[in-house]
Amino acid sequence: MTDPVLVRPYGDRRDDGVVQLSFVLPLPAGERARAAAAEVARQLGLSGVQLAAMEPAAEGYTFFVLYGRTAAAVDAAALEVPEVAAHRHGFDELNEIARREVGRRIVVLGACTGSDAHAVGIDAIMNMKGYAGDYGLERYPVFEAVNLGAQVENAALARACVERRADAVLVSQVVTQRDVHRENARQLIDELERLGARGRVIAVLGGPRIDHRLALELGYDAGFGAGTRPSEVAGWIVGEVLRRMGKSLH
Amino acid sequence: MTDPVLVRPYGDRRDDGVVQLSFVLPLPAGERARAAAAEVARQLGLSGVQLAAMEPAAEGYTFFVLYGRTAAAVDAAALEVPEVAAHRHGFDELNEIARREVGRRIVVLGACTGSDAHAVGIDAIMNMKGYAGDYGLERYPVFEAVNLGAQVENAALARACVERRADAVLVSQVVTQRDVHRENARQLIDELERLGARGRVIAVLGGPRIDHRLALELGYDAGFGAGTRPSEVAGWIVGEVLRRMGKSLH
Amino acid sequence: MLLPDGRTVPDLRLDPGVVGRCRELAGRVADQVLASVQRRTTVSIERAVLRLLGFHAAGPGGIPHVNLMVDQLHARGLLGRGAAWWLGYALRHGAHDPDRIVGLFAGLPREPPPLPAAEEAALRDEVRREARAAAGELRRRVAERDALKAELGTAPRPHKYLIVATGNVWDDVEQARAAAQAGADVIAVIRSTAQSLLDYVPDGATTEGYGGTWATQENFRILREALDQESRRLGRYLHLTNYSSGLCMSEIAFAAAWERLDMLLNDAMYGILFRDINMRRTLCDQHFSRRICAFAGIVINTGEDNYITTADADEAAHTVIASHFVNEGLARRAGLPDRLVGLGHSFEIDPAREDTIVREVAQALLVRTLFPEAPIKYMPPTKHKQGDIFFSHAYDVMADVVARLTGQSIQLLGMMTEAMHNPLLMDRYVALKSADYVYRAWKGMAGEILFREGGAVERRAGAVLGAARELLEEVARDGLPAAIGRGRFGDVARSETGGKGLSGVVERAPDYFNPFLEILEAP
Amino acid sequence: MLLPDGRTVPDLRLDPGVVGRCRELAGRVADQVLASVQRRTTVSIERAVLRLLGFHAAGPGGIPHVNLMVDQLHARGLLGRGAAWWLGYALRHGAHDPDRIVGLFAGLPREPPPLPAAEEAALRDEVRREARAAAGELRRRVAERDALKAELGTAPRPHKYLIVATGNVWDDVEQARAAAQAGADVIAVIRSTAQSLLDYVPDGATTEGYGGTWATQENFRILREALDQESRRLGRYLHLTNYSSGLCMSEIAFAAAWERLDMLLNDAMYGILFRDINMRRTLCDQHFSRRICAFAGIVINTGEDNYITTADADEAAHTVIASHFVNEGLARRAGLPDRLVGLGHSFEIDPAREDTIVREVAQALLVRTLFPEAPIKYMPPTKHKQGDIFFSHAYDVMADVVARLTGQSIQLLGMMTEAMHNPLLMDRYVALKSADYVYRAWKGMAGEILFREGGAVERRAGAVLGAARELLEEVARDGLPAAIGRGRFGDVARSETGGKGLSGVVERAPDYFNPFLEILEAP
Ligand code: B12
Ligand code: B12
Ligand SMILES: Cc1ncc(COP(=O)(O)O)c(C=O)c1O
Ligand SMILES: Cc1ncc(COP(=O)(O)O)c(C=O)c1O
């Protein structure tokens with residue numbers, strides 16, 4: 001995409017700007033609350049606001065649903081979109097390329113870190129049986145993949161990276177309330193830096209509320225979000241290892 | 001309410017400003033669409049935006065659900081809230097007051113006007129059997145209530161108001177697409193003015209997307225929205241008739 | 001019970017004596033209606049005949065040629081002989097293009113002298129030839145539609161029926177494609193608010209409707225073309241439907257048949273009750289429109305669901321069933337086989353009440369059981385919808401469950417914004433995704449369930465059927481007009497000579513000529 | 001089947017031989033566990049004993065007094081005799097306040113000389129008196145709760161269970177009240193992410209948890225007080241629940257009992273599988289915590305629903321049932337009557353599959369039928385939830401339907417934002433409104449439905465039960481630790497000596513003294 005494309009939300013007719021909104025205000029339902037909700041919508045820059053619902057959700061709390069038109073318009077072509085370069089290779093093909101080009105097994109450690117005990121996501125990426133019909137990293141001959149499980153402390157994980165000379169570390173973060181995932185994620189990078197190992201390890205962050213942009217911001221080399229398939233991660237790691245060897249994966 | 005009360009949307013914790021949003025963008029799902037949705041949210045002034053869903057709703061169309069925090073805050077006490085003065089009187093009591101104070105039957109015409117064929121709303125207000133356990137205007141001895149039904153032309157309705165010396169005219173407008181209700185509603189007022197009768201008739205507008213503010217804007221004396229009960233309308237009309245007689249309904 | 005499409009639904013024990021009696025009574029009602037219908041014609045029927053004979057276009061100012069022609073004949077009291085006859089007359093006077101024909105009609109005396117017998121026969125022959133040719137072309141177009149349907153196949157039942165109503169035909173195309181891509185099987189383009197009371201069919205592609213898009217032949221063509229394309233791309237036949245209803249019922253039936261639509265909303269009483277259209281007018285129009293549907297293999301969708309948007313769904317449940325029997329009787333008499341009679345009903349009981357599912361299931365299963373061959377159309381909740389879209393969505397999903405459990409054939413999917421506005425693109429997407437989930441999740445459940453003998457489901461179904469029989473006794477005794485006059489259907493009362501469009505009803509002359517009726521009525 | 005609360009659910013034919021065999025095998029498993037439990041105590045059990053004896057507070061830095069005391073004893077290898085014995089020792093040495101006691105413990109030698117028999121007896125008598133007094137006070141508090149419950153009454157089943165998890169106890173109060181006003185019957189305050197692995201119970205009112213609020217006795221008190229108030233205002237008893245789980249299982253059970261909570265999440269295996277807590281530790285802790293629950297009339301909620309968030313719900317359905325039998329066996333052996341054993345299960349089959357409702361109904365009805373007296377807790381979908389909140393809501397509503405159809409006792413309401421964040425105020429409102437609708441709409445339906453003999457529902461239930469029996473045969477033969485070691489539950493494998501907290505397990509000395517166990521175990 002290079003031509004400018006100005007897009008706006010589309011409800012009934014092209015570019016009508018229609019969006020749906022819901023929220024709770026700490027006010028009892030009534031005309032005053034209705035006016036307050038309309039004012040919130042106005043502050044959001046909406047016009048043609050239709051109040052669909054105003055319901056007493058509890059004493060002193062009112063639930064609103066509304067529709068309105070926003071003037072927001074985005075030049076989609078002009079957006080800067082950091083994307084994880086996707087390499088589409090089959091399982092055998094990838095193993096073959098890596099065996100040939102890397103010439104050794106790639107060591108990958110995985111863990112769900114800090115207080116986070118959600119192992120299912122990292123298991124989906126790492127474990128033999130894989131996810132959604134896709135093999136996990138443990139199944140790839142080219143990877144020496146070790147899944148350390150959940151609630152792994154960042155300091156311990158950083159040490160393990162050094163001890164096992166890991167090429168890559170895969171970190172899962174699922175709990176995000178009050179940005180606990182940011183703290184957890186950053187801590188590992190700090191620990192790796194403290195051990196002088198950050199440069200030697202490819203750091204990958206994943207989880208349902210993670211995206212590539214956020215991962216970069218937190219000091220990682222790549223980020224993967226909801227619905228990631230193990231093969232995408234495998235491909236990306238091989239590509240990155242090759243890149244660091246001055247080669248490239250086609 | 002007179003003390004200033006600054007309210008903000010409330011999700012998890014007081015004043016967190018959390019709102020939910022959904023819309024469609026005319027873009028295929030992907031990283032670019034994700035960034036475009038985030039940009040729409042930014043233009044709405046949201047921060048801490050969490051993309052809950054990005055789903056291909058059709059080719060070239062993506063459905064988004066997201067949560068974010070708005071800085072919008074409303075001083076609820078300072079809002080100007082035009083309210084339909086509510087008179088709470090029982091059926092017998094209201095009839096008794098009106099009999100005594102007005103001294104004659106109040107003539108009320110009702111109709112759903114223009115191309116609008118939705119009779120159920122005006123029926124709910126006018127007809128004997130009423131609505132939600134509340135009697136309709138036809139049941140009140142004090143009203144001479146005539147329901148003209150649906151798809152009544154504005155010119156014909158204005159003429160009927162003059163011919164029957166109507167005290168009040170009740171207009172229902174249900175279809176609102178592309179603001180057809182505004183046009184329809186205004187037309188009646190124009191017709192009444194053309195006949196020099198606007199001043200003599202109390203004009204009331206109602207319908208699920210109507211509120212008092214809108215009714216005033218369209219030149220009516222009052223507006224009633226979704227879930228209106230016949231007794232509210234009856235009480236208001238009697239009050240307004242008395243007010244015009246220089247009396248008042250307590 | 002095993003349905004013809006291979007699905008199983010829970011058995012519902014009904015008294016076959018009562019069922020038989022209902023059908024017999026409805027047959028009597030239909031016969032009475034038919035007797036009166038066969039004495040009359042209407043401006044709309046005659047315009048439809050002219051449309052069939054090739055006059056599809058409009059003159060300057062957008063007034064359709066057929067209106068100009070028929071109005072001239074009607075003004076002169078000549079319509080009783082049939083517009084086709086007069087067209088033949090014009091042709092034999094060398095008038096072929098619409099303007100000339102209109103001019104010729106305008107010059108006719110009020111009581112033209114009779115033709116010589118040979119000329120009369122020649123005229124009729126000529127028009128019959130034209131009619132046969134037109135019917136042949138129509139048959140060819142329908143066959144084309146059926147071939148595409150056979151080639152691509154259709155989705156399993158229930159077919160997901162989605163409404164498109166932007167008011168602008170080009171946006172409709174966009175939204176119809178999107179709906180199809182998201183899983184719709186049937187696209188219904190809703191027409192603009194005021195159209196049903198227009199005594200003409202607007203012309204050409206339109207972009208400015210209110211609450212819907214004008215139903216025009218060109219709009220039909222545009223949508224069908226888009227859906228043909230989309231059907232091929234998706235490898236699944238997409239149905240298109242619109243409204244054969246209002247003052248131009250039969251003309252729209254023609255336009256729809258010609259443009260290869262698959263279904264039409266077409267009810268015996270809808271226009272009478274909800275548009276205050278004169279009943280003689282509508283009953284005539286519906287018969288001719290149904291003849292066209294029968295010829296063109298168009299499924300009709302009746303409108304009983306509407307009764308319980310004005311009447312209470314619990315109390316008026318039997319009126320829906322009674323009307324089904326009448327609609328069936330009338331449809332059969334218009335030559336429609338049961339497989340084209342898509343009786344309509346709906347999930348409309350006030351959700352504030354208790355045990356609504358027992359009664360909704362009883363009602364939906366009753367309809368299914370009484371009319372096993374009919375492609376029943378099930379409508380979602382509308383009347384009690386509120387603006388809380390989350391609740392509204394949950395409520396729709398319950399209708400999806402009942403539709404699936406009771407083996408409905410076509411399901412109109414509810415919109416979470418029903419109480420708000422015409423559906424947005426995302427509203428349809430949300431509805432389709434959840435309906436697909438429900439269909440998948442409840443797939444085999446209907447075959448697992450038996451309802452307790454003498455239990456609440458069975459009792460409710462029996463009671464509704466019994467009340468329908470009583471109503472039908474009254475209607476058969478006093479006639480349909482009298483029953484409508486008492487507000488028996490939808491709580492709306494209408495008189496036989498009230499309402500719009502009565503002036504467009506004409507007694508057929510003894511020499512009434514309608515070559516299409518001859519073709520359509522041929523066994 | 002008629003449930004004890006008067007509701008009817010569809011009958012499910014099961015082989016009584018298989019059911020009996022399952023119970024017998026699970027009894028054997030429970031006996032094995034019990035034998036090992038009865039040889040040991042843990043730091044948490046001993047801290048709970050001290051809490052029961054009145055040491056509820058914390059010292060400077062927030063370290064609870066009971067931790068300071070028990071750590072001293074444990075460090076010296078003295079815990080095998082029981083903390084109560086040492087407390088008696090301290091009391092008889094004139095140490096009454098926590099600081100003095102800790103100081104005294106810190107001065108104890110590793111092998112203190114035996115006491116004269118009379119002093120030994122006097123010491124035990126004194127502590128027993130204290131314990132009886134404390135138990136009396138606890139009984140009084142529980143009676144107070146029960147009186148309020150009896151006075152106000154509770155809502156009909158299923159009880160609507162809503163989660164509150166702001167992290168800040170004051171926001172929790174606000175949100176709990178709001179949920180109650182919107183119709184919740186049970187408020188569950190979720191605790192902060194990391195708490196289960198803390199080997200102490202934090203102290204006081206807290207405002208800074210992650211993904212939940214710290215479980216502290218003061219937070220319990222604050223919430224219960226708010227709910228008492230709200231119960232009176234709404235005229236309906238509101239239940240409060242929290243987690244007796246993690247390394248402080250039994251201490252939390254004590255705090256909950258004291259603060260008059262109504263239910264506790266309490267599972268035999270949850271901590272082992274999902275928190276990697278050592279199994280010896282957890283099995284000991286759960287037994288003592290259940291003794292407290294039995295004494296205080298607290299309903300336990302087991303955690304089998306969690307197994308199918310890591311394992312596949314279709315494939316692992318039988319592990320849920322097998323674990324129910326084991327949890328039941330262990331609960332009965334801890335003195336819990338069936339009416340306090342709230343076995344947990346859930347609606348978790350992948351919604352992308354077909355005919356999930358047949359299997360969900362079979363599973364839910366199987367649990368209901370196997371444990372008719374138990375206040376079964378039904379959990380909504382979580383694992384396959386996605387961010388599309390509209391779909392998510394529809395999916396939850398389906399769980400509401402199954403809950404209602406299968407007569408569940410407590411239903412945790414799903415949140416449309418499950419895949420996103422801890423519930424917002426409006427998420428709960430939306431869930432409650434729809435659940436109320438479903439309960440109302442489907443009220444009597446469960447009494448109307450029979451499932452086809454030999455049909456899919458019956459076959460599925462039979463197959464799951466059969467597989468559960470096979471698994472129980474293995475567990476009874478090889479022991480629970482071996483089965484867990486093979487990853488039989490939740491696809492998670494743990495070893496008997498792995499995991500956190502093993503160092504807190506202590507062999508009971510021959511003269512182990514626990515006056516509460518004596519009271520709790522008294523018939
Ligand atoms: C299963 C589950 C649990 C299980 C976890 C079992 C286990 N061993 O993992 C149990 C029941 C134990 C549990 C407990 C809790 N949970 Co939980 N849980 C979930 C649930 C239902 C599903 C998560 C899951 O397994 N998804 C399936 C996997 C396959 O998806 P995924 O994690 O997104 O992973 C994919 C991608 O994200 C990506 N990915 C993930 N990690 C990585 C890493 C890398 C390197 C890469 C490349 C990719 C990648 O690839 C995966 C495959 O596509 C979610 C709700 C939901 N539906 O999301 C809540 C949820 C995550 N839990 C939540 C909470 C709060 C908790 C608790 C803290 C509650 C409490 N206070 O007790 C506890 C404690 C957990 C703890 N200490 O962390 C919240 C988090 C809220 C937030 N945003 O902060 C959620 C969202 C529920 C909610 N709405 O409240 N939970
Ligand atoms: C029933 C119904 C019909 C029935 C109408 C039967 C009849 N005789 O009235 C039928 C099936 C015929 C119908 C047809 C159409 N309908 Co319609 N219909 C509805 C439906 C389902 C319910 C409306 C209703 O009866 N509500 C119950 C009454 C009691 O509520 P109410 O009208 O809000 O009235 C209350 C208050 O508003 C107030 N009130 C109302 N009027 C007045 C007047 C006064 C003076 C006062 C004081 C108070 C007052 O008091 C009443 C009691 O509390 C709504 C969807 C919905 N759930 O809202 C769609 C809806 C109104 N219809 C709609 C449309 C588009 C149509 C059609 C135009 C579709 C088409 N193109 O064919 C047609 C044509 C109708 C026409 N020409 O106007 C749209 C309107 C969209 C919009 N906002 O513009 C809606 C919202 C559905 C949708 N989402 O698409 N419809
Ligand atoms: C049978 C039938 N005809 C017609 C209509 C509405 O169309 P119109 O008012 O445009 O005739 C409906 C409404 O749904 C209907 O059910
Ligand atoms: C039985 C049981 N205990 C405990 C928990 C979670 O709590 P925690 O991890 O704080 O022990 C759960 C989770 O839902 C559970 O089901």
# chains A, B, ... in the order shown; residues from 1 in each chain; ligands from 1
$ select_by_dssp --residues "range 31-185 of chain B" --states "helix (DSSP H, G or I)" --output "mmCIF file with N, CA and C atoms, in the first residue's frame"
data_model
loop_
_atom_site.group_PDB
_atom_site.id
_atom_site.type_symbol
_atom_site.label_atom_id
_atom_site.label_comp_id
_atom_site.auth_asym_id
_atom_site.auth_seq_id
_atom_site.Cartn_x
_atom_site.Cartn_y
_atom_site.Cartn_z
ATOM 1 N N GLU B 31 -2.155 -5.953 10.352
ATOM 2 C CA GLU B 31 -1.428 -4.988 11.180
ATOM 3 C C GLU B 31 -1.763 -3.551 10.820
ATOM 4 N N ARG B 32 -1.991 -3.315 9.537
ATOM 5 C CA ARG B 32 -2.311 -1.955 9.127
ATOM 6 C C ARG B 32 -3.686 -1.553 9.651
ATOM 7 N N ALA B 33 -4.622 -2.476 9.570
ATOM 8 C CA ALA B 33 -5.971 -2.190 10.070
ATOM 9 C C ALA B 33 -5.912 -1.970 11.577
ATOM 10 N N ARG B 34 -5.097 -2.783 12.252
ATOM 11 C CA ARG B 34 -4.955 -2.632 13.705
ATOM 12 C C ARG B 34 -4.446 -1.216 14.027
ATOM 13 N N ALA B 35 -3.466 -0.793 13.275
ATOM 14 C CA ALA B 35 -2.908 0.532 13.531
ATOM 15 C C ALA B 35 -3.931 1.612 13.208
ATOM 16 N N ALA B 36 -4.736 1.388 12.178
ATOM 17 C CA ALA B 36 -5.747 2.375 11.805
ATOM 18 C C ALA B 36 -6.802 2.482 12.907
ATOM 19 N N ALA B 37 -7.185 1.337 13.460
ATOM 20 C CA ALA B 37 -8.182 1.356 14.536
ATOM 21 C C ALA B 37 -7.632 2.096 15.750
ATOM 22 N N ALA B 38 -6.366 1.831 16.038
ATOM 23 C CA ALA B 38 -5.753 2.517 17.173
ATOM 24 C C ALA B 38 -5.727 4.019 16.922
ATOM 25 N N GLU B 39 -5.521 4.388 15.672
ATOM 26 C CA GLU B 39 -5.471 5.813 15.328
ATOM 27 C C GLU B 39 -6.863 6.453 15.458
ATOM 28 N N VAL B 40 -7.897 5.716 15.064
ATOM 29 C CA VAL B 40 -9.264 6.222 15.263
ATOM 30 C C VAL B 40 -9.479 6.467 16.760
ATOM 31 N N ALA B 41 -9.068 5.501 17.573
ATOM 32 C CA ALA B 41 -9.234 5.644 19.020
ATOM 33 C C ALA B 41 -8.457 6.865 19.528
ATOM 34 N N ARG B 42 -7.272 7.054 18.981
ATOM 35 C CA ARG B 42 -6.470 8.204 19.386
ATOM 36 C C ARG B 42 -7.189 9.496 19.018
ATOM 37 N N GLN B 43 -7.755 9.530 17.819
ATOM 38 C CA GLN B 43 -8.464 10.739 17.397
ATOM 39 C C GLN B 43 -9.698 10.994 18.262
ATOM 40 N N ALA B 76 -21.878 17.276 36.211
ATOM 41 C CA ALA B 76 -23.287 16.907 36.059
ATOM 42 C C ALA B 76 -24.203 17.979 36.630
ATOM 43 N N ALA B 77 -23.761 18.633 37.684
ATOM 44 C CA ALA B 77 -24.620 19.628 38.318
ATOM 45 C C ALA B 77 -24.794 20.850 37.428
ATOM 46 N N ALA B 78 -23.793 21.108 36.612
ATOM 47 C CA ALA B 78 -23.835 22.322 35.808
ATOM 48 C C ALA B 78 -24.601 22.152 34.498
ATOM 49 N N PHE B 91 -55.284 8.368 38.502
ATOM 50 C CA PHE B 91 -56.276 8.495 37.438
ATOM 51 C C PHE B 91 -57.490 9.301 37.914
ATOM 52 N N ASP B 92 -58.073 8.877 39.032
ATOM 53 C CA ASP B 92 -59.289 9.548 39.506
ATOM 54 C C ASP B 92 -59.005 10.980 39.918
ATOM 55 N N GLU B 93 -57.880 11.137 40.582
ATOM 56 C CA GLU B 93 -57.511 12.454 41.074
ATOM 57 C C GLU B 93 -57.351 13.433 39.906
ATOM 58 N N LEU B 94 -56.657 12.989 38.863
ATOM 59 C CA LEU B 94 -56.410 13.878 37.732
ATOM 60 C C LEU B 94 -57.729 14.260 37.054
ATOM 61 N N ASN B 95 -58.592 13.273 36.867
ATOM 62 C CA ASN B 95 -59.891 13.562 36.264
ATOM 63 C C ASN B 95 -60.664 14.568 37.104
ATOM 64 N N GLU B 96 -60.601 14.385 38.405
ATOM 65 C CA GLU B 96 -61.331 15.239 39.328
ATOM 66 C C GLU B 96 -60.803 16.685 39.239
ATOM 67 N N ILE B 97 -59.482 16.822 39.311
ATOM 68 C CA ILE B 97 -58.883 18.158 39.224
ATOM 69 C C ILE B 97 -59.280 18.835 37.914
ATOM 70 N N ALA B 98 -59.153 18.078 36.820
ATOM 71 C CA ALA B 98 -59.401 18.674 35.511
ATOM 72 C C ALA B 98 -60.869 19.067 35.382
ATOM 73 N N ARG B 99 -61.751 18.192 35.879
ATOM 74 C CA ARG B 99 -63.180 18.502 35.832
ATOM 75 C C ARG B 99 -63.444 19.826 36.558
ATOM 76 N N ARG B 100 -62.847 19.933 37.735
ATOM 77 C CA ARG B 100 -63.079 21.092 38.581
ATOM 78 C C ARG B 100 -62.424 22.344 37.987
ATOM 79 N N GLU B 101 -61.158 22.226 37.608
ATOM 80 C CA GLU B 101 -60.389 23.414 37.239
ATOM 81 C C GLU B 101 -60.556 23.821 35.774
ATOM 82 N N VAL B 120 -48.307 1.524 16.985
ATOM 83 C CA VAL B 120 -48.338 0.921 18.318
ATOM 84 C C VAL B 120 -48.015 1.936 19.413
ATOM 85 N N GLY B 121 -47.078 2.842 19.134
ATOM 86 C CA GLY B 121 -46.690 3.831 20.144
ATOM 87 C C GLY B 121 -47.820 4.793 20.464
ATOM 88 N N ILE B 122 -48.445 5.370 19.446
ATOM 89 C CA ILE B 122 -49.524 6.330 19.708
ATOM 90 C C ILE B 122 -50.733 5.598 20.289
ATOM 91 N N ASP B 123 -50.955 4.357 19.827
ATOM 92 C CA ASP B 123 -52.028 3.547 20.417
ATOM 93 C C ASP B 123 -51.787 3.353 21.914
ATOM 94 N N ALA B 124 -50.560 3.068 22.261
ATOM 95 C CA ALA B 124 -50.228 2.827 23.674
ATOM 96 C C ALA B 124 -50.625 4.033 24.527
ATOM 97 N N ILE B 125 -50.434 5.220 23.983
ATOM 98 C CA ILE B 125 -50.734 6.435 24.735
ATOM 99 C C ILE B 125 -52.233 6.746 24.712
ATOM 100 N N MET B 126 -52.860 6.515 23.573
ATOM 101 C CA MET B 126 -54.241 6.969 23.389
ATOM 102 C C MET B 126 -55.297 5.916 23.745
ATOM 103 N N LEU B 137 -55.449 7.598 27.085
ATOM 104 C CA LEU B 137 -56.199 8.851 27.196
ATOM 105 C C LEU B 137 -57.690 8.684 26.909
ATOM 106 N N GLU B 138 -58.039 7.761 26.011
ATOM 107 C CA GLU B 138 -59.450 7.546 25.687
ATOM 108 C C GLU B 138 -60.265 7.141 26.925
ATOM 109 N N ARG B 139 -59.598 6.551 27.893
ATOM 110 C CA ARG B 139 -60.274 6.084 29.087
ATOM 111 C C ARG B 139 -60.590 7.213 30.070
ATOM 112 N N ASN B 154 -49.784 15.492 7.368
ATOM 113 C CA ASN B 154 -49.669 16.635 8.260
ATOM 114 C C ASN B 154 -50.700 17.716 7.968
ATOM 115 N N ALA B 155 -50.949 17.958 6.695
ATOM 116 C CA ALA B 155 -51.917 18.991 6.332
ATOM 117 C C ALA B 155 -53.295 18.588 6.862
ATOM 118 N N ALA B 156 -53.640 17.319 6.674
ATOM 119 C CA ALA B 156 -54.948 16.844 7.131
ATOM 120 C C ALA B 156 -55.045 16.936 8.651
ATOM 121 N N LEU B 157 -53.961 16.613 9.315
ATOM 122 C CA LEU B 157 -53.968 16.647 10.780
ATOM 123 C C LEU B 157 -54.123 18.091 11.276
ATOM 124 N N ALA B 158 -53.438 19.011 10.645
ATOM 125 C CA ALA B 158 -53.542 20.415 11.054
ATOM 126 C C ALA B 158 -54.979 20.894 10.866
ATOM 127 N N ARG B 159 -55.561 20.522 9.727
ATOM 128 C CA ARG B 159 -56.962 20.906 9.495
ATOM 129 C C ARG B 159 -57.861 20.313 10.569
ATOM 130 N N ALA B 160 -57.640 19.059 10.904
ATOM 131 C CA ALA B 160 -58.462 18.407 11.934
ATOM 132 C C ALA B 160 -58.337 19.142 13.261
ATOM 133 N N CYS B 161 -57.166 19.629 13.564
ATOM 134 C CA CYS B 161 -56.958 20.354 14.819
ATOM 135 C C CYS B 161 -57.859 21.590 14.853
ATOM 136 N N VAL B 162 -57.920 22.265 13.729
ATOM 137 C CA VAL B 162 -58.739 23.482 13.666
ATOM 138 C C VAL B 162 -60.219 23.111 13.742
ATOM 139 N N GLU B 163 -60.587 22.150 12.906
ATOM 140 C CA GLU B 163 -62.001 21.781 12.845
ATOM 141 C C GLU B 163 -62.529 21.290 14.179
ATOM 142 N N GLN B 177 -34.735 7.186 10.056
ATOM 143 C CA GLN B 177 -33.593 7.095 9.160
ATOM 144 C C GLN B 177 -33.445 8.368 8.340
ATOM 145 N N ARG B 178 -32.209 8.812 8.259
ATOM 146 C CA ARG B 178 -31.916 10.042 7.513
ATOM 147 C C ARG B 178 -32.846 11.179 7.917
ATOM 148 N N ASP B 179 -33.140 11.214 9.233
ATOM 149 C CA ASP B 179 -33.872 12.330 9.836
ATOM 150 C C ASP B 179 -35.247 12.608 9.247
ATOM 151 N N VAL B 180 -35.885 11.575 8.745
ATOM 152 C CA VAL B 180 -37.218 11.769 8.174
ATOM 153 C C VAL B 180 -38.201 12.240 9.247
ATOM 154 N N HIS B 181 -37.962 11.884 10.498
ATOM 155 C CA HIS B 181 -38.865 12.298 11.582
ATOM 156 C C HIS B 181 -38.806 13.803 11.815
ATOM 157 N N ARG B 182 -37.638 14.372 11.628
ATOM 158 C CA ARG B 182 -37.518 15.813 11.833
ATOM 159 C C ARG B 182 -38.374 16.552 10.815
ATOM 160 N N GLU B 183 -38.238 16.133 9.588
ATOM 161 C CA GLU B 183 -38.986 16.759 8.513
ATOM 162 C C GLU B 183 -40.487 16.649 8.759
ATOM 163 N N ASN B 184 -40.923 15.417 9.016
ATOM 164 C CA ASN B 184 -42.334 15.147 9.289
ATOM 165 C C ASN B 184 -42.847 15.990 10.442
ATOM 166 N N ALA B 185 -42.057 16.032 11.498
ATOM 167 C CA ALA B 185 -42.497 16.719 12.707
ATOM 168 C C ALA B 185 -42.600 18.222 12.451
#
$ residues_around --residues "Val18 in chain B" --least-positions-apart "4" --cutoff "8 Å" --atoms "only C-alpha atoms" --output "PyMOL selection string"
(chain A and resi 23) or (chain B and resi 9-12+67-70)
$ write_last_selection --atoms "C-alpha atoms" --output "mmCIF file, in the first residue's frame"
data_model
loop_
_atom_site.group_PDB
_atom_site.id
_atom_site.type_symbol
_atom_site.label_atom_id
_atom_site.label_comp_id
_atom_site.auth_asym_id
_atom_site.auth_seq_id
_atom_site.Cartn_x
_atom_site.Cartn_y
_atom_site.Cartn_z
ATOM 1 C CA PHE A 23 -19.870 2.961 29.454
ATOM 2 C CA PRO B 9 -16.954 6.865 33.023
ATOM 3 C CA TYR B 10 -16.306 4.131 35.596
ATOM 4 C CA GLY B 11 -15.127 0.654 34.650
ATOM 5 C CA ASP B 12 -12.944 -1.057 37.210
ATOM 6 C CA TYR B 67 -11.535 -0.485 25.266
ATOM 7 C CA GLY B 68 -9.816 2.711 26.206
ATOM 8 C CA ARG B 69 -9.773 5.520 28.706
ATOM 9 C CA THR B 70 -11.268 8.878 27.963
#
$ residues_around --residues "Leu223 in chain C" --least-positions-apart "6" --cutoff "9 Å" --atoms "only C-alpha atoms" --output "VMD selection string"
chain C and resid 169 to 170 172 to 173 176 189 240
